[in-house]
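The next block holds one structure in the form of structure tokens; read it before the comments.
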Amino acid sequence: MANGMMNEGIPETPALAGAGERFEGLSESLFEIVWRRRWTVLLASVAALAAGVCYIQRATPLYRSTSRLYVEQSMPRILRDFEEAALSRSTNYLYTQAELLSSTPILAEAMARGDLERLQTFAPSTNKMMSLRKRLDTVVGKKDELISVAFKSPHPEEAAHIVNTVVDAYVTFHSQRKRNTSAELLRILTQEKTVRDKELNERLQAMMDFKQKSESLAFGANQDSNVILRNLERLSMVLTEAQLATLESKSFYAVAQKMADDPTGLRQFVEAQRARSVYVTAATEATALRSELKRLQRERADYLHQLKSDAPAIAALNVQIERLEAQLADLDKGFAVSQLAVAAQEYEANLEKEQELAKYFEQQRQQAVQLNSEVAQYTVLQSGYDQTRKLCDILDERIKELSVIEETGALNITVLETAEPALEPCEPEKAKVMAMALALGLFAGTGLALLREWKDQRLRSAEEISTLLALPVLGAIPSVRALRNGSAGHERRIQLDPDSREAEAFRTLRTAVFFGAPKDEARRILITSAAPGEGKSTISSNLGIAMAQAGQKVLILDTDLRRPMQHKIFQLDRQTKGLSAVLAGQMSLEEAIERTGEENLHVLTSGPDVPNPAEMLNSESFARILEQVTARYDRIILDSPPVIAVTDPLILAAQADVTILVLRAESSTRRVSMQARESLASVDARVLGVAVNDVRHKAGRYGYYSGSGYYYYSYGADGRKKKKRERSVADDRTEAPAGALSGNGEPAESAPESPQTMARGTGLWRGGPQAASRDDE
């Protein structure tokens with residue numbers, strides 16, 4: 001019969017399972033989920049804000065004092081011409097100075113000079129030097145190229161004192177280094193000047209003695225025609241320049257040797273001499289390492305505010321900082337060795353060049369002597385004298401310049417702003433802390449809401465049910481309120497209160513069944529649910545009454561032989577007659593069927609309890625009873641047990657024409673519903689659709705209501721159609737509902753919604769209220 005037919009459009013079981021597993025496939029927006037879990041989000045936000053307030057109240061306020069320095073690189077003309085004195089500038093030296101401000105020599109001088117160890121700022125610290133280095137912040141401006149030195153402390157006066165002391169130690173350090181370097185260079189130049197002066201006097205005396213002995217030097221005007229003499233003069237000039245270059249490289253090499261044990265000072269001296277192209281660069285790598293070291297030190301300082309000094313994170317940072325400091329020390333050592341090697345190589349090259357020129361000069365001189373002994377001798381003497389005099393003049397100029405400026409490779413340091421005690425604390429930033437706490441609370445609350453939603457397997461919307469089960473929603477039954485006389489009456493609401501919206505919902509369900517399948521193909525209607533307590537018995541009784549009111553002859557057959565309910569709904573005695581008594585042969589079918597107060601409606605109760613319900617329902621006797629009642633009635637409504645609980649509904653589904661699955665809103669779960677759908681599909685049951693029970697008003701997705709209340713139509717005594725208005729949501733909240741439409745009489749939680757739109761959205765609605773009115777007629 002029709003029980004072997006499958007509902008069209010039902011996919012295979014794996015596809016159904018896949019649709020049930022994917023949470024993101026639900027037609028529900030993030031806003032709806034968050035709004036439904038708004039108390040979770042609100043509580044998380046309030047908790048985060050409370051934590052932020054507690055942090056602000058308990059955190060120690062810190063005051064920040066800042067000093068700004070302008071560091072300018074400058075250098076006198078030492079051992080090179082004025083035209084070639086191009087000042088070497090690079091942003092690397094600024095980062096070097098910023099790192100130097102937080103170096104051990106500067107900080108040690110500051111600790112000793114300012115008596116910083118006695119300050120309250122360092123009282124909790126055992127290693128005061130390390131504490132000062134962690135909390136001192138030196139930053140190079142990205143736009144103004146100024147160095148900012150800052151320190152944060154709970155005591156504003158001490159913060160300003162610490163910054164000013166460190167800046168003073170830094171300025172003193174550079175001043176002392178300037179004096180040491182200038183004194184060394186001045187000593188070298190003075191020694192060389194003494195030697196050259198003695199040589200100049202000797203050459204002058206030789207010239208004078210030679211002139212006195214020779215009177216034939218008057219023809220010196222013919223020297224221009226003598227090629228050898230002109231070459232000798234040019235060689236003399238070139239030899240002078242080579243000797244000057246040798247002296248430059250010798251001076252540079254001597255200073256570099258003196259400063260070999262001070263890589264920082266050597267680097268500054270070499271940066272000042274970069275125009276000489278005697279420079280081994282490692283600034284890029286060293287600067288990157290120092291920036292990384294500074295970042296790790298700041299990160300460690302931030303962690304120390306939150307963690308103990310022996311925490312694993314602090315220990316890991318200490319290891320990284322020690323590794324970077326070792327790398328920087330290796331770079332400085334390698335730089336010094338490389339620079340000394342380059343200086344020595346240049347000095348040897350210049351010395352070799354000077355010796356070669358001197359050798360060639362001597363050859364030319366011998367040729368000149370052979371050409372004209374006396375003239376050549378005098379020319380040689382005069383050339384040597386001029387060469388020595390020029391070198392002495394250059395040395396005099398350099399010594400005077402060095403004596404005036406008293407600096408070489410130095411930095412001009414200007415303190416633009418001295419540190420002052422702060423009036424307001426910089427930490428904690430109340431607005432920032434509260435904003436972060438609020439953002440964290442909203443984020444955590446939303447995450448918890450989504451987590452709870454993901455773990456919550458309950459079905460909520462008609463779209464979700466339809467997508468999950470691939471079945472149409474035939475109708476939505478709202479939660480039931482008490483009748484005017486105070487009784488519940490939800491099992492026969494359509495009979496006791498025909499003008500209520502609940503009664504209209506059952507008529508909508510009846511219309512969906514009528515139009516969902518032809519009458520001859522839907523005479524045996526099985527009403528079952530996925531789990532107990534979802535309202536299948538209540539829907540069975542009200543649907544039977546609705547069909548009987550439509551003029552059809554209806555039999556409600558209570559096939560739930562384990563927990564029957566129809567005898568309670570219609571106030572009948574099942575202990576003396578019923579289905580089990582007929583199957584046992586104790587009475588005839590006609591004797592067991594009982595009338596109800598509704599015309600065209602009969603009930604066959606379950607009868608006395610039996611030990612083997614499944615075997616009795618699967619017997620040939622029960623099949624014959626179904627054939628007999630099918631021949632007598634237009635509709636047979638089978639009220640069966642839940643699908644998941646026992647096998648009885650599967651036996652009945654195989655014998656019924658169509659099956660209606662009852663699910664309870666906000667109660668039925670996806671997993672159990674899918675399992676019930678797959679169980680029915682395993683016996684080739686033709687599932688007509690789903691009836692959603694206990695729909696609450698706040699769900700807002702199962703039906704259509706206006707914002708102020710629910711409107712529907714009824715007929716008055718004069719036969720005219722009247723428009724009635726149910727109480728609004730606010731009115732509903734003032735009354736305790738009598739209970740939801742469930743078989744066990746569980747109470748409803750809130751006001752319901754209209755079911756019309758639910759049936760209209762399933763594709764089974766073919767005429768709206770007019771169709772329902774035709775059935776009523």
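If you're wondering about the labels, chains in the structure tokens are A, B, ... by order shown, residues count from 1 in each chain, ligands from 1 in order shown.
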
Checklist entry - Which residues in stretch 525-723 of chain A does DSSP call strand (DSSP E)? List them as a ChimeraX atom specification. => result /A:525-529,554-558,594-595,601-604,635-639,658-664,687-695,711-715,721-723

Dump C-alpha atoms for the selected residues as a short mmCIF file (atom, residue, chain, number, x, y, z; two decimals), in the first residue's frame?
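Printed below is result_37.cif as written:
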```
data_model
loop_
_atom_site.label_atom_id
_atom_site.label_comp_id
_atom_site.auth_asym_id
_atom_site.auth_seq_id
_atom_site.Cartn_x
_atom_site.Cartn_y
_atom_site.Cartn_z
CA ILE A 525 -2.11 8.66 10.03
CA LEU A 526 0.60 7.72 12.54
CA ILE A 527 1.42 10.42 15.11
CA THR A 528 4.76 9.78 16.79
CA SER A 529 7.62 11.74 18.31
CA VAL A 554 -12.43 9.78 12.63
CA LEU A 555 -11.11 7.05 14.94
CA ILE A 556 -8.32 7.80 17.42
CA LEU A 557 -6.50 4.49 18.01
CA ASP A 558 -4.26 4.54 21.07
CA GLU A 594 -16.19 4.19 22.47
CA ARG A 595 -17.91 7.40 21.60
CA LEU A 601 -15.14 11.08 16.62
CA HIS A 602 -14.56 7.67 18.24
CA VAL A 603 -11.76 6.38 20.40
CA LEU A 604 -10.24 2.92 20.77
CA ARG A 635 -9.30 8.83 9.03
CA ILE A 636 -7.51 6.59 11.51
CA ILE A 637 -5.17 8.46 13.84
CA LEU A 638 -2.61 6.14 15.48
CA ASP A 639 -1.13 7.50 18.71
CA VAL A 658 1.57 8.56 6.37
CA THR A 659 3.54 9.50 9.47
CA ILE A 660 3.67 12.84 11.25
CA LEU A 661 6.74 13.42 13.43
CA VAL A 662 6.14 15.63 16.47
CA LEU A 663 9.04 17.74 17.75
CA ARG A 664 9.00 20.10 20.66
CA VAL A 687 6.81 10.85 6.57
CA LEU A 688 4.37 13.56 5.60
CA GLY A 689 6.09 16.24 7.65
CA VAL A 690 6.83 17.63 11.09
CA ALA A 691 4.52 19.23 13.65
CA VAL A 692 6.37 21.61 15.94
CA ASN A 693 4.88 21.77 19.41
CA ASP A 694 5.21 24.24 22.30
CA VAL A 695 6.31 27.17 20.14
CA TYR A 711 -5.10 38.63 15.72
CA TYR A 712 -7.40 35.91 14.40
CA TYR A 713 -11.04 35.56 13.26
CA SER A 714 -14.03 33.83 14.85
CA TYR A 715 -17.79 33.82 14.26
CA LYS A 721 -16.96 37.12 11.24
CA LYS A 722 -15.34 38.91 14.14
CA LYS A 723 -11.76 39.98 14.56
#
```

Item to check | Test item: residues at most 7 Å from stretch 252-256 of chain A, only C-alpha atoms, excluding those fewer than 2 positions along its chain, as a PyMOL selection string | outcome: chain A and resi 248-250+258-260+266+340+343-344

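Our summary of the geometry notes that atom CA of A:His567 is positioned 23.3 Å from atom CA of A:Ile644.
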
Counting only C-alpha atoms, what is within 12 Å of A:Gln355, bar same-chain residues fewer than 2 positions away, as an mmCIF file with N, CA, C and O atoms, in the first residue's frame?
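Printed below is selection08.cif as written:
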```cif
data_model
loop_
_atom_site.group_PDB
_atom_site.id
_atom_site.type_symbol
_atom_site.label_atom_id
_atom_site.label_comp_id
_atom_site.auth_asym_id
_atom_site.auth_seq_id
_atom_site.Cartn_x
_atom_site.Cartn_y
_atom_site.Cartn_z
ATOM 1 N N VAL A 238 105.061 64.907 -5.560
ATOM 2 C CA VAL A 238 104.353 63.637 -5.371
ATOM 3 C C VAL A 238 104.876 62.916 -4.137
ATOM 4 O O VAL A 238 104.117 62.321 -3.347
ATOM 5 N N LEU A 239 106.186 62.953 -3.966
ATOM 6 C CA LEU A 239 106.768 62.318 -2.788
ATOM 7 C C LEU A 239 106.277 62.967 -1.504
ATOM 8 O O LEU A 239 106.040 62.302 -0.492
ATOM 9 N N THR A 240 106.093 64.260 -1.542
ATOM 10 C CA THR A 240 105.556 64.968 -0.361
ATOM 11 C C THR A 240 104.147 64.488 -0.021
ATOM 12 O O THR A 240 103.795 64.260 1.140
ATOM 13 N N ALA A 242 102.843 61.601 -0.819
ATOM 14 C CA ALA A 242 102.921 60.220 -0.330
ATOM 15 C C ALA A 242 103.359 60.183 1.125
ATOM 16 O O ALA A 242 102.852 59.393 1.932
ATOM 17 N N GLN A 243 104.313 61.031 1.471
ATOM 18 C CA GLN A 243 104.742 61.085 2.870
ATOM 19 C C GLN A 243 103.599 61.545 3.778
ATOM 20 O O GLN A 243 103.440 61.067 4.906
ATOM 21 N N THR A 246 101.278 58.653 4.224
ATOM 22 C CA THR A 246 101.861 57.701 5.176
ATOM 23 C C THR A 246 101.697 58.191 6.597
ATOM 24 O O THR A 246 101.385 57.420 7.526
ATOM 25 N N GLU A 348 101.019 50.172 5.670
ATOM 26 C CA GLU A 348 102.089 49.493 4.934
ATOM 27 C C GLU A 348 102.076 49.842 3.455
ATOM 28 O O GLU A 348 103.134 50.031 2.827
ATOM 29 N N ALA A 349 100.845 49.949 2.878
ATOM 30 C CA ALA A 349 100.755 50.305 1.454
ATOM 31 C C ALA A 349 101.290 51.714 1.212
ATOM 32 O O ALA A 349 102.026 51.969 0.235
ATOM 33 N N ASN A 350 100.921 52.653 2.082
ATOM 34 C CA ASN A 350 101.398 54.028 1.908
ATOM 35 C C ASN A 350 102.921 54.110 2.107
ATOM 36 O O ASN A 350 103.623 54.861 1.402
ATOM 37 N N LEU A 351 103.417 53.339 3.085
ATOM 38 C CA LEU A 351 104.855 53.349 3.326
ATOM 39 C C LEU A 351 105.627 52.781 2.122
ATOM 40 O O LEU A 351 106.660 53.313 1.700
ATOM 41 N N GLU A 352 105.083 51.714 1.539
ATOM 42 C CA GLU A 352 105.723 51.121 0.366
ATOM 43 C C GLU A 352 105.701 52.086 -0.812
ATOM 44 O O GLU A 352 106.695 52.214 -1.552
ATOM 45 N N LYS A 353 104.560 52.765 -0.962
ATOM 46 C CA LYS A 353 104.461 53.753 -2.040
ATOM 47 C C LYS A 353 105.478 54.873 -1.838
ATOM 48 O O LYS A 353 106.132 55.340 -2.791
ATOM 49 N N LEU A 357 108.545 55.926 -4.409
ATOM 50 C CA LEU A 357 108.706 57.288 -4.932
ATOM 51 C C LEU A 357 110.069 57.858 -4.539
ATOM 52 O O LEU A 357 110.728 58.566 -5.328
ATOM 53 N N ALA A 358 110.467 57.543 -3.309
ATOM 54 C CA ALA A 358 111.789 58.032 -2.870
ATOM 55 C C ALA A 358 112.921 57.417 -3.706
ATOM 56 O O ALA A 358 113.907 58.089 -4.061
ATOM 57 N N LYS A 359 112.748 56.156 -4.049
ATOM 58 C CA LYS A 359 113.753 55.497 -4.879
ATOM 59 C C LYS A 359 113.816 56.120 -6.273
ATOM 60 O O LYS A 359 114.908 56.396 -6.807
ATOM 61 N N TYR A 360 112.629 56.361 -6.828
ATOM 62 C CA TYR A 360 112.592 56.973 -8.170
ATOM 63 C C TYR A 360 113.092 58.415 -8.129
ATOM 64 O O TYR A 360 113.776 58.885 -9.038
ATOM 65 N N PHE A 361 112.749 59.094 -7.047
ATOM 66 C CA PHE A 361 113.234 60.464 -6.874
ATOM 67 C C PHE A 361 114.770 60.493 -6.808
ATOM 68 O O PHE A 361 115.440 61.369 -7.368
ATOM 69 N N GLU A 362 115.332 59.496 -6.130
ATOM 70 C CA GLU A 362 116.789 59.423 -6.015
ATOM 71 C C GLU A 362 117.437 59.170 -7.380
ATOM 72 O O GLU A 362 118.507 59.731 -7.699
#
```

Next on the checklist: Could you tell me how far atom CA of A:Thr138 sits from atom CA of A:Leu100, in Å to one decimal place?
Outcome noted: 9.5 Å

Tell me which protein, DNA and RNA residues are within 10 Å of A:Asp560, counting only C-alpha atoms, leaving out same-chain ones fewer than 4 positions away, and put them as a PDB file with C-alpha atoms, in the first residue's frame.
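Output file result31.pdb follows:
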```pdb
ATOM      1  CA  THR A 528       4.760   9.785  16.786  1.00  0.00           C
ATOM      2  CA  SER A 537      -0.855  12.429  22.340  1.00  0.00           C
ATOM      3  CA  PRO A 564      -1.269   5.318  27.014  1.00  0.00           C
ATOM      4  CA  MET A 565      -2.839   8.778  27.295  1.00  0.00           C
ATOM      5  CA  GLN A 566      -6.026   8.869  25.202  1.00  0.00           C
ATOM      6  CA  THR A 605      -8.174   3.020  23.957  1.00  0.00           C
ATOM      7  CA  SER A 606      -5.099   0.887  24.535  1.00  0.00           C
ATOM      8  CA  GLY A 607      -6.875  -1.445  26.918  1.00  0.00           C
ATOM      9  CA  PRO A 613       3.218  -4.762  23.167  1.00  0.00           C
ATOM     10  CA  ALA A 614       5.543  -5.081  20.162  1.00  0.00           C
ATOM     11  CA  LEU A 617       1.199  -4.758  17.245  1.00  0.00           C
ATOM     12  CA  LEU A 638      -2.611   6.142  15.483  1.00  0.00           C
ATOM     13  CA  ASP A 639      -1.133   7.503  18.713  1.00  0.00           C
ATOM     14  CA  SER A 640       2.156   5.591  19.064  1.00  0.00           C
ATOM     15  CA  PRO A 641       5.107   5.576  21.490  1.00  0.00           C
ATOM     16  CA  PRO A 642       8.237   7.635  20.733  1.00  0.00           C
ATOM     17  CA  ASP A 648       6.505  -0.123  18.378  1.00  0.00           C
ATOM     18  CA  PRO A 649       6.306   3.044  16.203  1.00  0.00           C
TER      19      PRO A 649
END
```

Next on the checklist: Taking 6 positions as the minimum chain separation for residues in the same chain, which residues sit within 9 Å of A:Ser668 when counting only C-alpha atoms? Answer as a PyMOL selection string.
Outcome noted: chain A and resi 457-460+530-531+534

File of the preceding selection, N, CA, C and O atoms, as a compact mmCIF listing (two decimals), in the first residue's frame:
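What follows is the written file out02.txt:
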```txt
# COMPACT_ATOMS: atom_id res chain seq x y z
N GLN A 457 22.17 21.20 21.43
CA GLN A 457 21.66 20.46 20.29
C GLN A 457 20.16 20.67 20.06
O GLN A 457 19.58 20.03 19.18
N ARG A 458 19.54 21.55 20.82
CA ARG A 458 18.10 21.73 20.70
C ARG A 458 17.74 22.41 19.38
O ARG A 458 18.45 23.28 18.90
N LEU A 459 16.60 22.01 18.86
CA LEU A 459 16.07 22.61 17.63
C LEU A 459 15.24 23.82 17.99
O LEU A 459 14.45 23.79 18.93
N ARG A 460 15.40 24.89 17.18
CA ARG A 460 14.71 26.13 17.53
C ARG A 460 13.82 26.66 16.41
O ARG A 460 12.74 27.14 16.66
N ALA A 530 10.00 11.93 18.48
CA ALA A 530 11.35 11.40 18.59
C ALA A 530 11.64 10.90 20.01
O ALA A 530 12.29 9.88 20.19
N ALA A 531 11.17 11.63 21.01
CA ALA A 531 11.45 11.29 22.40
C ALA A 531 10.19 11.51 23.21
O ALA A 531 9.23 12.15 22.75
N GLU A 534 7.00 15.09 24.11
CA GLU A 534 6.99 16.11 23.06
C GLU A 534 5.59 16.46 22.59
O GLU A 534 5.44 17.28 21.69
```

Checklist outcome for this item: Across A:Ser131, A:Thr596, A:Ser621, A:Thr190, the smallest distance to A:Leu583, with only C-alpha atoms counted, is shown by A:Ser621

Item to check | Pairwise distance for atom CA of A:Glu627 and atom CA of A:Asp657, rounded to one decimal in Å | outcome: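 For atom CA of A:Glu627 relative to atom CA of A:Asp657, the distance reads 12.1 Å.
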
Item to check | Contacts of A:Ser466 at 10 Å (only C-alpha atoms; same-chain gap of 4+ positions) as a VMD selection string | outcome: chain A and resid 461 to 462 470 to 473 689 to 690 762

Written selection (N, CA and C atoms) as a PDB file, in the first residue's frame:
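What landed in again-v8.pdb:
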```pdb
ATOM      1  N   SER A 461      14.305  26.635  15.197  1.00  0.00           N
ATOM      2  CA  SER A 461      13.565  27.300  14.122  1.00  0.00           C
ATOM      3  C   SER A 461      13.013  26.288  13.137  1.00  0.00           C
ATOM      4  N   ALA A 462      11.974  26.687  12.434  1.00  0.00           N
ATOM      5  CA  ALA A 462      11.385  25.833  11.407  1.00  0.00           C
ATOM      6  C   ALA A 462      12.368  25.604  10.273  1.00  0.00           C
ATOM      7  N   ALA A 470      15.110  17.483   6.191  1.00  0.00           N
ATOM      8  CA  ALA A 470      14.642  17.476   4.794  1.00  0.00           C
ATOM      9  C   ALA A 470      13.153  17.143   4.734  1.00  0.00           C
ATOM     10  N   LEU A 471      12.396  17.690   5.674  1.00  0.00           N
ATOM     11  CA  LEU A 471      10.950  17.473   5.742  1.00  0.00           C
ATOM     12  C   LEU A 471      10.246  18.814   5.879  1.00  0.00           C
ATOM     13  N   PRO A 472       9.045  18.940   5.334  1.00  0.00           N
ATOM     14  CA  PRO A 472       8.291  20.185   5.520  1.00  0.00           C
ATOM     15  C   PRO A 472       7.723  20.276   6.926  1.00  0.00           C
ATOM     16  N   VAL A 473       7.535  21.495   7.399  1.00  0.00           N
ATOM     17  CA  VAL A 473       6.902  21.744   8.695  1.00  0.00           C
ATOM     18  C   VAL A 473       5.421  21.953   8.439  1.00  0.00           C
ATOM     19  N   GLY A 689       5.458  14.998   7.211  1.00  0.00           N
ATOM     20  CA  GLY A 689       6.085  16.241   7.653  1.00  0.00           C
ATOM     21  C   GLY A 689       6.256  16.253   9.159  1.00  0.00           C
ATOM     22  N   VAL A 690       6.536  17.449   9.668  1.00  0.00           N
ATOM     23  CA  VAL A 690       6.833  17.635  11.087  1.00  0.00           C
ATOM     24  C   VAL A 690       5.827  18.616  11.674  1.00  0.00           C
ATOM     25  N   THR A 762       6.034  25.948   4.452  1.00  0.00           N
ATOM     26  CA  THR A 762       6.371  24.585   4.067  1.00  0.00           C
ATOM     27  C   THR A 762       5.960  24.270   2.646  1.00  0.00           C
TER      28      THR A 762
END
```

Next on the checklist: If we count only C-alpha atoms and set the cut-off at 6 Å, which residues sit around A:Thr66, ignoring sequence neighbours fewer than 2 positions away in its own chain? Please answer as a ChimeraX atom specification.
Outcome noted: /A:149-150,419
